[in-house]
Structure formats: structure tokens, C-alpha cells
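To start, the structure itself, in C-alpha cells.
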Amino acid sequence: MKNNLNTEVVLQEIRFLLRTSCQEESLQQKHFESLHCAILKKHFKAGDVKIDHRNKVIHLSMNVDSSANFFGQKSYVDVEMKFKNIYDFLESCLETSDQNIVFYRNILKFYNQRAV
């Protein structure tokens, strides 16, 4: 039961951080862009992420093959995703696996340290 409660607290806090970071004035801050890209990279297992807030488009470079090719290089494909609301899009990428909760907890620690 303690683990479920801890998971809910972490998810609640990461949602609060996302909501704060998605406010219009916050979108101009680079460290919040890094937060958004990190969550998208984790969720989509993307190699590169760029967010175009003006046109409401996310550009992802995604690995299309789980194994490396003959030369040891992975194959990537560029994908474009449109969004209406960046918070809703990012919030839909949150996952509840133990590995993801640890990832979100580390993000929360990083942003707490930056605020101090």
C-alpha cells in the first residue's frame, strides 16, 4: 500500500511541475523545455525531440528497430505529432511503471535543487 501511495504522490507532483512549466510565461524558459523533451524522449524512446510551440507540433526522431544494423547504427525515422494543449499531451505520456516513477522522482529532485 505504501508503494501505491508513493507512486500517486510522485505522479501528483510531476503533474504539478508540468502544469507550472506549461504556463505561457514558463514555455520561454529553456530548463522547462528540457523537462518536456526528457518526458517525450522517455515515453517514445526517441533519440531527439524538438517542440514547436508556435505551430503546436512535436518533432521526434524514433528508433524503428530494436537492434543495431550491420554497422552498429540504429535506424531512426522522423515523426511529427500535432497537439492542441502541451500539458494534456505531456500528461498523457506519464506512465506508472516502477522505472518511470524512479525517472519522475529524479526529475522532481533535479527541479527542487534548481529552485533552491
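How things are named: the first chain in the C-alpha cells is A, the next is B, and so on; residues count from 1 in each chain; ligands count from 1 in the order shown.
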Strand (DSSP E or B) per DSSP on the backbone: members of chain A, as a ChimeraX atom specification: /A:46-52,57-63,76-82
Enumerate as an NGL selection string all residues of region 5-70 of chain A assigned to helix (DSSP H, G or I) by DSSP on the backbone, naming them with the chain letters and numbers the document uses. :A and (5-21 or 26-28 or 30-44)
Give me the residues near Ile86 (chain A) as a PyMOL selection string, where near means some atom within 10 Å (using only C-alpha atoms) and where sequence neighbours in that chain fewer than 2 positions away do not count. chain A and resi 18-19+21-23+27+36+51+53+56-58+82-84+88-92
